[in-house]
$ cat entry.cif   # mmCIF, C-alpha atoms
data_coords
loop_
_atom_site.label_atom_id
_atom_site.label_comp_id
_atom_site.auth_asym_id
_atom_site.auth_seq_id
_atom_site.Cartn_x
_atom_site.Cartn_y
_atom_site.Cartn_z
CA MET A 1 -1.01 76.94 -88.62
CA ILE A 2 0.72 75.73 -91.79
CA ASP A 3 -0.50 78.84 -93.70
CA LEU A 4 0.87 81.08 -90.95
CA ALA A 5 4.26 79.39 -91.13
CA ARG A 6 4.32 79.75 -94.91
CA SER A 7 3.38 83.41 -94.62
CA LEU A 8 6.20 84.03 -92.14
CA ASP A 9 8.66 82.22 -94.38
CA ARG A 10 7.55 84.31 -97.35
CA GLU A 11 7.92 87.58 -95.46
CA LEU A 12 11.34 86.52 -94.19
CA SER A 13 12.50 85.70 -97.71
CA ILE A 14 11.31 89.12 -98.93
CA LEU A 15 13.24 90.78 -96.08
CA ARG A 16 16.37 88.88 -97.00
CA GLY A 17 15.99 89.86 -100.63
CA THR A 18 16.14 86.26 -101.87
CA ARG A 19 12.56 85.72 -103.07
CA ARG A 20 12.46 84.77 -106.75
CA ILE A 21 10.27 87.06 -108.85
CA HIS A 22 8.69 85.69 -111.99
CA ALA A 23 9.11 88.41 -114.61
CA VAL A 24 10.57 88.08 -118.07
CA GLY A 25 11.74 90.57 -120.70
CA ARG A 26 13.74 90.50 -123.93
CA VAL A 27 16.96 92.30 -124.89
CA LYS A 28 16.31 95.09 -127.42
CA ARG A 29 19.55 97.08 -127.33
CA PHE A 30 23.02 96.49 -125.95
CA ASP A 31 25.59 99.30 -125.66
CA GLY A 32 28.74 98.30 -123.82
CA GLN A 33 27.56 97.42 -120.30
CA ILE A 34 24.11 99.02 -120.66
CA VAL A 35 21.23 96.75 -121.70
CA HIS A 36 17.83 98.01 -122.87
CA ALA A 37 15.16 95.33 -122.47
CA SER A 38 11.46 95.30 -123.24
CA ALA A 39 9.40 96.67 -120.36
CA PHE A 40 8.63 94.08 -117.68
CA PRO A 41 7.57 94.34 -114.01
CA ALA A 42 10.86 94.90 -112.18
CA ALA A 43 11.90 97.53 -109.67
CA VAL A 44 15.09 99.53 -109.60
CA GLY A 45 17.61 97.40 -107.72
CA ASN A 46 16.28 94.06 -108.97
CA GLU A 47 19.04 91.60 -109.74
CA CYS A 48 18.47 89.87 -113.07
CA ARG A 49 20.08 87.33 -115.33
CA ILE A 50 20.30 87.47 -119.10
CA GLU A 51 20.64 84.46 -121.38
CA CYS A 52 23.79 84.68 -123.51
CA GLY A 53 24.45 83.35 -127.00
CA ASP A 54 26.91 80.77 -125.63
CA GLY A 55 24.31 79.22 -123.32
CA LYS A 56 25.60 80.97 -120.18
CA TRP A 57 23.81 83.57 -118.09
CA ALA A 58 25.02 87.13 -117.47
CA GLU A 59 24.31 89.01 -114.25
CA ALA A 60 22.68 92.43 -114.43
CA GLU A 61 20.83 94.94 -112.27
CA VAL A 62 17.89 97.20 -113.09
CA ILE A 63 18.96 100.85 -112.86
CA GLY A 64 15.90 102.63 -114.28
CA PHE A 65 13.45 103.05 -117.13
CA LEU A 66 13.74 105.00 -120.39
CA ASP A 67 10.78 105.36 -122.76
CA GLU A 68 9.47 101.83 -123.35
CA TYR A 69 12.63 100.16 -122.10
CA THR A 70 13.78 98.68 -118.80
CA VAL A 71 17.43 99.70 -118.46
CA LEU A 72 19.93 97.30 -116.87
CA VAL A 73 23.68 97.31 -116.39
CA LEU A 74 25.88 94.21 -116.45
CA THR A 75 27.46 93.42 -113.08
CA GLY A 76 29.40 90.27 -113.92
CA GLY A 77 31.77 91.45 -116.63
CA PRO A 78 31.63 91.15 -120.43
CA ALA A 79 28.92 88.92 -121.92
CA SER A 80 28.03 87.65 -125.41
CA LEU A 81 24.47 88.96 -125.57
CA VAL A 82 22.17 88.66 -128.58
CA ALA A 83 19.04 90.57 -129.54
CA GLY A 84 15.90 89.01 -128.12
CA ALA A 85 17.76 87.21 -125.33
CA ARG A 86 15.65 86.30 -122.31
CA VAL A 87 15.88 88.54 -119.23
CA GLU A 88 14.71 87.12 -115.88
CA THR A 89 14.41 88.81 -112.52
CA VAL A 90 16.16 86.91 -109.75
CA ARG A 91 15.96 88.82 -106.48
CA ARG A 92 16.10 92.20 -104.80
CA VAL A 93 19.48 93.38 -103.54
CA ASP A 94 18.26 96.13 -101.23
CA VAL A 95 19.36 94.39 -98.02
CA VAL A 96 22.77 93.05 -96.97
CA PRO A 97 23.63 90.23 -94.54
CA VAL A 98 25.46 91.56 -91.49
CA GLY A 99 27.02 90.24 -88.29
CA PRO A 100 30.25 90.00 -86.28
CA ALA A 101 31.62 87.40 -88.72
CA LEU A 102 32.31 90.28 -91.16
CA LEU A 103 35.29 91.43 -89.07
CA GLY A 104 38.72 90.67 -90.45
CA ARG A 105 37.37 89.92 -93.93
CA VAL A 106 37.61 91.36 -97.46
CA PHE A 107 34.53 91.50 -99.74
CA ASP A 108 33.63 92.82 -103.18
CA GLY A 109 30.73 95.12 -104.00
CA ALA A 110 28.29 92.22 -104.15
CA GLY A 111 29.35 90.87 -100.74
CA LYS A 112 31.37 87.94 -102.08
CA PRO A 113 34.61 87.13 -100.21
CA LEU A 114 37.81 88.20 -101.96
CA ASP A 115 40.15 86.71 -99.35
CA GLU A 116 39.55 83.09 -100.46
CA LYS A 117 37.99 82.23 -97.12
CA PRO A 118 34.58 80.54 -96.63
CA GLU A 119 31.38 82.57 -96.73
CA PRO A 120 30.79 84.09 -93.27
CA LEU A 121 27.78 82.95 -91.26
CA LEU A 122 25.54 86.03 -91.06
CA ARG A 123 22.12 85.82 -89.42
CA GLU A 124 21.02 89.47 -89.54
CA HIS A 125 20.24 91.93 -92.34
CA TRP A 126 20.46 95.68 -92.86
CA PRO A 127 19.00 97.92 -95.59
CA LEU A 128 21.60 98.52 -98.29
CA LYS A 129 20.78 102.23 -98.51
CA GLY A 130 20.19 102.68 -94.79
CA GLU A 131 17.23 103.96 -92.83
CA ARG A 132 16.00 107.52 -92.51
CA VAL A 133 17.10 109.05 -89.23
CA ASN A 134 15.31 111.91 -87.52
CA PRO A 135 17.95 114.69 -87.38
CA LEU A 136 16.81 115.52 -83.83
CA ARG A 137 17.99 112.06 -82.75
CA ARG A 138 21.58 112.84 -83.63
CA ARG A 139 23.86 113.80 -80.76
CA PRO A 140 26.23 116.76 -81.19
CA VAL A 141 29.94 116.05 -81.72
CA ARG A 142 31.69 116.73 -78.41
CA GLU A 143 34.35 114.03 -77.92
CA PRO A 144 37.76 114.10 -79.68
CA LEU A 145 38.71 111.19 -81.91
CA ASP A 146 42.29 109.96 -81.60
CA THR A 147 43.51 109.35 -85.17
CA GLY A 148 47.13 108.63 -84.27
CA VAL A 149 48.27 111.38 -86.69
CA ARG A 150 49.90 114.28 -84.83
CA ALA A 151 48.99 117.09 -87.24
CA ILE A 152 45.32 116.07 -87.19
CA ASN A 153 45.11 115.38 -83.45
CA ALA A 154 46.71 118.68 -82.46
CA LEU A 155 45.82 121.13 -85.24
CA LEU A 156 42.71 119.73 -86.98
CA THR A 157 41.15 117.73 -84.16
CA MET A 158 38.42 115.37 -85.37
CA GLY A 159 35.41 114.64 -83.20
CA ARG A 160 33.84 111.23 -82.75
CA GLY A 161 31.00 111.11 -85.26
CA GLN A 162 32.49 113.80 -87.52
CA ARG A 163 32.61 113.58 -91.32
CA VAL A 164 35.84 114.76 -92.96
CA GLY A 165 37.10 114.88 -96.52
CA ILE A 166 40.71 114.36 -97.59
CA ILE A 167 41.05 116.50 -100.72
CA ALA A 168 44.05 116.25 -103.02
CA GLY A 169 45.32 115.58 -106.49
CA SER A 170 46.89 112.28 -107.46
CA GLY A 171 50.18 111.12 -105.95
CA VAL A 172 50.40 113.33 -102.85
CA GLY A 173 49.84 110.71 -100.17
CA LYS A 174 46.08 110.21 -99.77
CA SER A 175 46.32 106.44 -99.58
CA SER A 176 49.27 106.53 -97.16
CA LEU A 177 47.44 108.89 -94.80
CA LEU A 178 44.31 106.77 -95.04
CA SER A 179 46.25 103.59 -94.25
CA ALA A 180 47.90 105.19 -91.21
CA MET A 181 44.54 106.38 -89.86
CA ALA A 182 42.99 102.96 -90.44
CA ARG A 183 45.73 101.35 -88.32
CA PHE A 184 46.06 103.99 -85.60
CA THR A 185 42.58 105.47 -84.99
CA GLU A 186 40.84 104.46 -81.76
CA ALA A 187 37.65 102.70 -82.90
CA ASP A 188 35.77 99.48 -82.14
CA VAL A 189 35.31 98.73 -85.85
CA VAL A 190 37.14 100.04 -88.92
CA ILE A 191 35.45 99.76 -92.33
CA LEU A 192 37.47 100.58 -95.42
CA GLY A 193 35.73 101.00 -98.78
CA LEU A 194 38.19 100.95 -101.70
CA ILE A 195 35.96 102.10 -104.54
CA GLY A 196 37.27 102.39 -108.09
CA GLU A 197 40.94 102.26 -107.12
CA ARG A 198 43.66 100.41 -109.02
CA GLY A 199 43.86 96.69 -108.32
CA ARG A 200 47.52 97.00 -107.34
CA GLU A 201 46.69 99.63 -104.72
CA VAL A 202 43.86 97.48 -103.35
CA ALA A 203 46.21 94.50 -102.93
CA GLY A 204 48.90 96.67 -101.34
CA MET A 205 46.48 98.28 -98.90
CA VAL A 206 44.96 94.95 -97.83
CA GLU A 207 48.41 93.40 -97.39
CA GLU A 208 49.55 96.33 -95.24
CA LEU A 209 46.41 96.26 -93.08
CA SER A 210 46.41 92.47 -92.66
CA ALA A 211 49.88 92.68 -91.09
CA SER A 212 48.53 95.00 -88.38
CA PRO A 213 46.90 93.73 -85.15
CA SER A 214 43.98 96.08 -85.86
CA PHE A 215 42.93 94.00 -88.89
CA ALA A 216 40.86 91.76 -86.59
CA LYS A 217 38.41 94.66 -86.17
CA THR A 218 38.56 95.75 -89.83
CA ILE A 219 36.24 95.09 -92.78
CA VAL A 220 37.39 95.86 -96.32
CA VAL A 221 34.97 96.34 -99.22
CA ALA A 222 37.06 96.45 -102.40
CA VAL A 223 35.64 97.32 -105.81
CA PRO A 224 38.67 97.84 -108.08
CA ALA A 225 38.31 99.90 -111.25
CA ASP A 226 39.71 97.26 -113.62
CA GLN A 227 36.86 94.77 -113.17
CA SER A 228 33.85 96.62 -111.78
CA PRO A 229 30.92 98.16 -113.64
CA PRO A 230 29.56 101.45 -112.25
CA VAL A 231 26.61 99.84 -110.50
CA LEU A 232 28.96 97.67 -108.40
CA ARG A 233 31.01 100.71 -107.39
CA ILE A 234 27.86 102.39 -106.11
CA ARG A 235 26.66 99.20 -104.46
CA GLY A 236 30.10 98.82 -102.84
CA VAL A 237 29.99 102.24 -101.14
CA HIS A 238 26.42 101.58 -99.98
CA ARG A 239 27.48 98.18 -98.62
CA ALA A 240 30.41 99.63 -96.66
CA THR A 241 28.12 102.32 -95.22
CA ALA A 242 25.46 99.74 -94.33
CA TYR A 243 28.07 97.71 -92.42
CA ALA A 244 29.00 100.88 -90.50
CA GLU A 245 25.35 101.63 -89.67
CA TYR A 246 24.80 98.10 -88.41
CA PHE A 247 27.71 98.22 -85.97
CA ARG A 248 26.69 101.72 -84.86
CA ALA A 249 23.26 100.30 -84.03
CA GLN A 250 25.08 97.81 -81.78
CA GLY A 251 26.52 100.75 -79.81
CA LYS A 252 29.98 100.53 -81.43
CA ASN A 253 32.26 103.41 -82.36
CA VAL A 254 32.95 102.90 -86.07
CA LEU A 255 35.51 104.48 -88.36
CA LEU A 256 34.27 104.48 -91.98
CA MET A 257 36.82 105.30 -94.69
CA ILE A 258 35.85 105.62 -98.35
CA ASP A 259 38.52 105.91 -101.05
CA SER A 260 37.34 107.58 -103.13
CA LEU A 261 34.13 109.61 -103.26
CA THR A 262 35.16 110.91 -106.68
CA ARG A 263 35.08 107.41 -108.20
CA VAL A 264 31.58 106.94 -106.78
CA ALA A 265 30.52 110.20 -108.43
CA HIS A 266 32.01 109.04 -111.74
CA ALA A 267 30.03 105.79 -111.50
CA GLN A 268 26.78 107.67 -110.85
CA ARG A 269 27.55 109.96 -113.78
CA GLU A 270 27.85 106.93 -116.07
CA LEU A 271 24.49 105.58 -114.92
CA GLY A 272 22.77 108.98 -115.03
CA LEU A 273 23.88 109.67 -118.58
CA ALA A 274 22.81 106.17 -119.63
CA LEU A 275 19.32 106.95 -118.30
CA GLY A 276 19.13 110.17 -120.29
CA GLU A 277 19.88 112.69 -117.53
CA GLN A 278 21.12 116.02 -118.80
CA PRO A 279 24.68 116.87 -117.72
CA THR A 280 24.85 120.16 -115.84
CA THR A 281 28.03 121.21 -114.00
CA LYS A 282 31.14 119.95 -115.85
CA GLY A 283 29.27 116.96 -117.24
CA TYR A 284 27.76 115.75 -113.96
CA PRO A 285 23.98 115.13 -113.90
CA PRO A 286 21.86 116.21 -110.88
CA SER A 287 21.71 112.65 -109.49
CA VAL A 288 25.42 112.85 -108.60
CA VAL A 289 24.93 115.69 -106.14
CA SER A 290 21.89 113.91 -104.70
CA LEU A 291 23.86 110.67 -104.18
CA ILE A 292 26.73 112.49 -102.44
CA GLY A 293 24.32 114.14 -100.01
CA GLN A 294 22.57 110.85 -99.22
CA LEU A 295 25.85 109.03 -98.59
CA LEU A 296 27.47 111.65 -96.37
CA GLU A 297 24.38 112.10 -94.23
CA ARG A 298 24.33 108.40 -93.25
CA SER A 299 27.32 108.77 -90.92
CA GLY A 300 27.32 110.51 -87.55
CA LEU A 301 26.21 109.83 -83.96
CA ASP A 302 23.23 107.76 -82.85
CA GLY A 303 21.36 109.31 -79.93
CA GLU A 304 19.68 106.05 -78.90
CA THR A 305 22.46 103.43 -79.00
CA GLN A 306 25.30 105.91 -78.21
CA GLY A 307 27.16 104.42 -81.17
CA SER A 308 28.93 106.52 -83.78
CA VAL A 309 30.18 106.47 -87.37
CA SER A 310 33.16 108.78 -87.85
CA ALA A 311 33.68 109.03 -91.60
CA ILE A 312 36.60 109.99 -93.82
CA TYR A 313 36.11 110.38 -97.58
CA THR A 314 38.92 110.99 -100.04
CA VAL A 315 38.09 113.39 -102.86
CA LEU A 316 40.30 113.52 -105.95
CA ALA A 317 40.82 117.10 -107.14
CA ASP A 318 41.45 116.95 -110.89
CA GLY A 319 44.54 118.97 -111.70
CA ASP A 320 44.90 119.89 -108.00
CA ASP A 321 41.84 122.15 -108.43
CA THR A 322 40.22 122.38 -105.00
CA THR A 323 38.09 125.45 -105.74
CA THR A 324 35.99 124.83 -108.86
CA ASP A 325 35.71 121.04 -109.03
CA PRO A 326 31.98 120.26 -108.55
CA ILE A 327 32.57 117.09 -106.52
CA VAL A 328 35.01 118.84 -104.19
CA ASP A 329 32.58 121.73 -103.80
CA SER A 330 29.55 119.50 -103.13
CA ALA A 331 31.40 117.37 -100.58
CA ARG A 332 32.93 120.33 -98.78
CA ALA A 333 29.50 121.95 -98.39
CA ILE A 334 28.15 118.90 -96.51
CA LEU A 335 31.19 117.63 -94.61
CA ASP A 336 32.13 118.79 -91.10
CA GLY A 337 35.67 119.61 -92.20
CA HIS A 338 38.27 118.93 -94.86
CA ILE A 339 41.97 118.14 -95.00
CA VAL A 340 43.73 119.45 -98.11
CA LEU A 341 46.99 117.79 -99.13
CA SER A 342 49.62 120.02 -100.75
CA ARG A 343 51.71 118.89 -103.71
CA ARG A 344 54.32 121.53 -102.81
CA GLN A 345 54.80 120.01 -99.34
CA ALA A 346 54.93 116.51 -100.80
CA GLU A 347 57.68 117.64 -103.17
CA GLN A 348 59.57 119.00 -100.15
CA GLY A 349 59.35 115.59 -98.47
CA ILE A 350 56.91 116.70 -95.77
CA TYR A 351 54.50 113.83 -95.00
CA PRO A 352 51.64 113.85 -94.34
CA ALA A 353 51.54 116.80 -96.76
CA ILE A 354 48.67 118.60 -94.99
CA ASP A 355 48.10 122.20 -96.09
CA LEU A 356 47.02 123.69 -92.76
CA SER A 357 46.05 127.05 -94.26
CA ALA A 358 43.48 125.40 -96.54
CA SER A 359 42.22 122.76 -94.06
CA ILE A 360 39.63 123.06 -91.30
CA SER A 361 37.81 121.00 -88.69
CA ARG A 362 34.44 122.56 -87.91
CA THR A 363 33.95 120.55 -84.72
CA MET A 364 37.37 121.14 -83.15
CA VAL A 365 36.25 124.03 -80.93
CA ASP A 366 33.59 121.76 -79.38
CA CYS A 367 35.98 118.86 -78.71
CA VAL A 368 39.08 120.42 -77.12
CA SER A 369 39.89 123.06 -74.51
CA SER A 370 40.03 126.75 -75.36
CA GLY A 371 43.77 126.77 -74.66
CA HIS A 372 44.29 123.99 -77.20
CA VAL A 373 42.33 125.98 -79.81
CA VAL A 374 44.41 129.12 -79.17
CA ARG A 375 47.71 127.23 -79.49
CA ALA A 376 46.57 125.50 -82.70
CA ARG A 377 45.58 128.83 -84.24
CA LYS A 378 48.90 130.40 -83.30
CA PHE A 379 50.76 127.43 -84.82
CA ARG A 380 48.85 127.81 -88.08
CA ARG A 381 49.42 131.58 -88.13
CA LEU A 382 53.18 131.24 -87.62
CA LEU A 383 53.45 128.61 -90.34
CA SER A 384 51.40 130.78 -92.71
CA LEU A 385 53.52 133.86 -91.93
CA TYR A 386 56.68 131.95 -92.83
CA GLU A 387 55.24 130.69 -96.14
CA GLN A 388 53.97 134.16 -97.13
CA ASN A 389 57.27 135.93 -96.37
CA ARG A 390 59.81 133.24 -97.18
CA ASP A 391 60.74 134.64 -100.60
CA LEU A 392 60.94 138.19 -99.22
CA MET A 393 63.36 137.05 -96.51
CA MET A 394 65.50 135.08 -98.96
CA LEU A 395 65.82 138.12 -101.24
CA GLY A 396 66.92 140.31 -98.34
CA GLY A 397 63.80 142.47 -98.41
CA TYR A 398 63.17 142.06 -94.68
CA GLN A 399 65.50 142.83 -91.81
CA PRO A 400 65.03 140.92 -88.51
CA GLY A 401 63.65 143.03 -85.69
CA GLN A 402 60.93 144.80 -87.69
CA ASP A 403 58.14 142.36 -86.74
CA PRO A 404 58.51 140.19 -83.59
CA GLU A 405 55.91 137.66 -84.71
CA LEU A 406 57.52 137.24 -88.12
CA ASP A 407 60.90 136.86 -86.44
CA LEU A 408 59.42 134.12 -84.25
CA ALA A 409 57.93 132.39 -87.30
CA PHE A 410 61.33 132.17 -89.00
CA GLN A 411 63.05 131.16 -85.79
CA ILE A 412 60.87 128.17 -84.97
CA ASN A 413 59.84 127.11 -88.50
CA PRO A 414 62.10 124.00 -88.46
CA SER A 415 60.33 122.91 -85.25
CA LEU A 416 56.91 123.53 -86.84
CA VAL A 417 57.80 121.44 -89.90
CA ASN A 418 59.21 118.68 -87.69
CA PHE A 419 55.97 118.71 -85.68
CA ILE A 420 53.69 118.10 -88.67
CA SER A 421 56.05 115.52 -90.25
CA GLN A 422 55.37 111.93 -89.21
CA ALA A 423 56.49 108.54 -90.51
CA THR A 424 53.76 106.22 -91.77
CA ASP A 425 54.61 103.60 -89.13
CA GLU A 426 54.74 106.10 -86.24
CA ARG A 427 51.72 106.59 -84.00
CA SER A 428 51.20 109.82 -82.07
CA GLY A 429 48.27 109.62 -79.64
CA PHE A 430 45.99 112.54 -78.85
CA ILE A 431 47.43 113.24 -75.37
CA GLU A 432 50.99 113.06 -76.69
CA SER A 433 50.15 115.33 -79.63
CA GLU A 434 48.51 117.92 -77.38
CA ALA A 435 51.49 117.86 -74.98
CA ARG A 436 53.98 118.40 -77.83
CA LEU A 437 51.91 121.30 -79.14
CA GLN A 438 51.84 122.88 -75.70
CA ALA A 439 55.61 122.51 -75.37
CA LEU A 440 56.16 124.12 -78.77
CA ILE A 441 53.52 126.89 -78.42
CA PRO A 442 53.24 127.71 -74.67
#
$ encode --input "entry.cif" --output "structure tokens"
Amino acid sequence: MIDLARSLDRELSILRGTRRIHAVGRVKRFDGQIVHASAFPAAVGNECRIECGDGKWAEAEVIGFLDEYTVLVLTGGPASLVAGARVETVRRVDVVPVGPALLGRVFDGAGKPLDEKPEPLLREHWPLKGERVNPLRRRPVREPLDTGVRAINALLTMGRGQRVGIIAGSGVGKSSLLSAMARFTEADVVILGLIGERGREVAGMVEELSASPSFAKTIVVAVPADQSPPVLRIRGVHRATAYAEYFRAQGKNVLLMIDSLTRVAHAQRELGLALGEQPTTKGYPPSVVSLIGQLLERSGLDGETQGSVSAIYTVLADGDDTTTDPIVDSARAILDGHIVLSRRQAEQGIYPAIDLSASISRTMVDCVSSGHVVRARKFRRLLSLYEQNRDLMMLGGYQPGQDPELDLAFQINPSLVNFISQATDERSGFIESEARLQALIP
């Protein structure tokens, strides 16, 4: 009976990832945050500690193996390591504690509270990198998701369980749009992963969200760029996604927002190059594309619990290049739609600066009525006609009366621009957005 109890305790400790593993190596090389240690029995994902020259211990994680070395990356910041220093395995970090006590809290990539509140009491666990899901178990996207943003609700309707990318260069309003959707979207749980962003932006976003009544159903995982090694950025996005999967398994409708997928790709590139991977497209090794696919496929609808994870990922387009950037291209190929933000519209003071001609929602036709789809397409066509012929009209190269549709586009363009413009503190529900569209485009 005692042996059975000990066996159960041992299995439970393995499940929780807290069992101590007795394996020891020695530091052979140290380059920045990457540590090469003598080979010892440790698996990828093992958390380790390394003895420092000042008598302290540095935290590290095993990321792979290269020749005769076990390769680790420091996770606790700079450390005064010396050659031959002792390396000890501590525990696996492939599961995360989960539970309702996560709501309304802010954590780092390792799951430690950043809001200076006590550790939450969490009695359940979930795999950090999720569980494989039979694709036949996934339900199709059929129900519209109310994001509270008029241009998205009416013209780029998202479905519950859809995965969408927000693609833009820097400084065109990605964070503002993300914040508005986090506060206004109808969801049981909102999970925001701030991965690799500036510390100032993280503090500002958390302060803005905490002032909203919706913060009680929100979880923030923040891994700022100024203090986080690449392995913690990757662990942070996995942790945020694991939280979303857990609540979906409880039958909840979850909104998962990751800002940004590009920073995650940069972190994986650092680790891949450290492990000797050959860079292929624009310096990115193959593991980057593989990681993006694995992450994006974890969201969606659950056919058994009826829960859902609707996901929004921001993608930073270097130099506003949305056509040849490999991360943009890889994400767009997997996502169920993308929202492109226009620098030209931002400079004109149109917010959110959504470029409707370059954006698409692949599930919209399955979530709204055929009349709604027709009106949305006509709206987009009229706006595009105006943009394409604006200069011609200004130069006097077109006389009104030659093309009725073009005349209509110029006549109602101020109303079209007013429709897509929305203040960051203004909420426009799905029914209201659809009604305004119908009034504008009968």
$ resolve_selection --input "entry.cif" --expression "the PyMOL selection byres ((chain A and resi 387) around 12)" --output "ChimeraX atom specification"
/A:344-345,355-357,380-386,388-394,406,409-410,413,416-417
$ write_last_selection --input "entry.cif" --atoms "C-alpha atoms" --output "short mmCIF file (atom, residue, chain, number, x, y, z; two decimals), keeping the file's coordinate frame"
data_model
loop_
_atom_site.label_atom_id
_atom_site.label_comp_id
_atom_site.auth_asym_id
_atom_site.auth_seq_id
_atom_site.Cartn_x
_atom_site.Cartn_y
_atom_site.Cartn_z
CA ARG A 344 54.32 121.53 -102.81
CA GLN A 345 54.80 120.01 -99.34
CA ASP A 355 48.10 122.20 -96.09
CA LEU A 356 47.02 123.69 -92.76
CA SER A 357 46.05 127.05 -94.26
CA ARG A 380 48.85 127.81 -88.08
CA ARG A 381 49.42 131.58 -88.13
CA LEU A 382 53.18 131.24 -87.62
CA LEU A 383 53.45 128.61 -90.34
CA SER A 384 51.40 130.78 -92.71
CA LEU A 385 53.52 133.86 -91.93
CA TYR A 386 56.68 131.95 -92.83
CA GLN A 388 53.97 134.16 -97.13
CA ASN A 389 57.27 135.93 -96.37
CA ARG A 390 59.81 133.24 -97.18
CA ASP A 391 60.74 134.64 -100.60
CA LEU A 392 60.94 138.19 -99.22
CA MET A 393 63.36 137.05 -96.51
CA MET A 394 65.50 135.08 -98.96
CA LEU A 406 57.52 137.24 -88.12
CA ALA A 409 57.93 132.39 -87.30
CA PHE A 410 61.33 132.17 -89.00
CA ASN A 413 59.84 127.11 -88.50
CA LEU A 416 56.91 123.53 -86.84
CA VAL A 417 57.80 121.44 -89.90
#
$ residues_near_point --input "entry.cif" --point "(19.2, 107.4, -86.8)" --cutoff "9 Å" --atoms "only C-alpha atoms" --output "list in words"
Glu131, Arg132, Val133, Asn134, Pro135, Leu136, Arg137, Arg138, Glu245, Ala249, Arg298, Gly300, Leu301, Asp302, Gly303 and Glu304 of chain A
$ resolve_selection --input "entry.cif" --expression "the PyMOL selection byres ((chain A and resi 366-376) around 8)" --output "list of chain:residue names"
A:Val141, A:Arg142, A:Glu143, A:Pro144, A:Ala154, A:Leu155, A:Thr157, A:Met158, A:Gly159, A:Thr363, A:Met364, A:Val365, A:Arg377, A:Lys378, A:Phe379, A:Arg380, A:Glu434, A:Leu437, A:Gln438, A:Ile441, A:Pro442
$ closest_atom_pairs --input "entry.cif" --of "segment 230-323 of chain A" --to "segment 199-223 of chain A" --cutoff "7 Å" --atoms "all atoms listed in the file" --output "JSON lines"
{"residue": "A:Arg233", "atom": "CA", "partner": "A:Val223", "partner_atom": "CA", "distance": 6.0}
{"residue": "A:Gly236", "atom": "CA", "partner": "A:Val223", "partner_atom": "CA", "distance": 6.5}
{"residue": "A:Ala240", "atom": "CA", "partner": "A:Val221", "partner_atom": "CA", "distance": 6.2}
$ atom_distance --input "entry.cif" --atom1 "atom CA of Gly165 of chain A" --atom2 "atom CA of Arg105 of chain A"
25.1 Å
$ atom_distance --input "entry.cif" --atom1 "atom CA of Ile312 of chain A" --atom2 "atom CA of Val164 of chain A"
4.9 Å
$ resolve_selection --input "entry.cif" --expression "the PyMOL selection byres ((chain A and resi 117) around 12)" --output "PyMOL selection string"
chain A and resi 101-102+104-107+112-116+118-121
$ atom_distance --input "entry.cif" --atom1 "atom CA of Asp336 of chain A" --atom2 "atom CA of Arg362 of chain A"
5.5 Å
$ closest_residue --input "entry.cif" --among "A:Gly25, A:Gly130, A:Gly32, A:Pro285" --to "Glu297 of chain A" --atoms "only C-alpha atoms"
A:Gly130
$ closest_atom_pairs --input "entry.cif" --of "segment 211-263 of chain A" --to "segment 44-63 of chain A" --cutoff "10 Å" --atoms "all atoms listed in the file" --output "JSON lines"
{"residue": "A:Val231", "atom": "CA", "partner": "A:Glu61", "partner_atom": "CA", "distance": 7.8}
{"residue": "A:Leu232", "atom": "CA", "partner": "A:Glu61", "partner_atom": "CA", "distance": 9.4}
{"residue": "A:Arg235", "atom": "CA", "partner": "A:Gly45", "partner_atom": "CA", "distance": 9.8}
$ axis_aligned_box --input "entry.cif" --around "segment 269-272 of chain A" --padding-each-side "4 Å" --output "lines of an AutoDock Vina configuration file"
center_x = 25.3
center_y = 107.8
center_z = -114.9
size_x = 13.1
size_y = 12.4
size_z = 10.3
$ residues_around --input "entry.cif" --residues "Asp329 of chain A" --least-positions-apart "5" --cutoff "12 Å" --atoms "all atoms listed in the file" --output "PyMOL selection string"
chain A and resi 165+167+262+281+289+292-293+315-317+321-324+334-335+338
$ closest_residue --input "entry.cif" --among "A:Thr185, A:Ser38, A:Thr70, A:Ser330" --to "Gly84 of chain A" --atoms "only C-alpha atoms"
A:Ser38
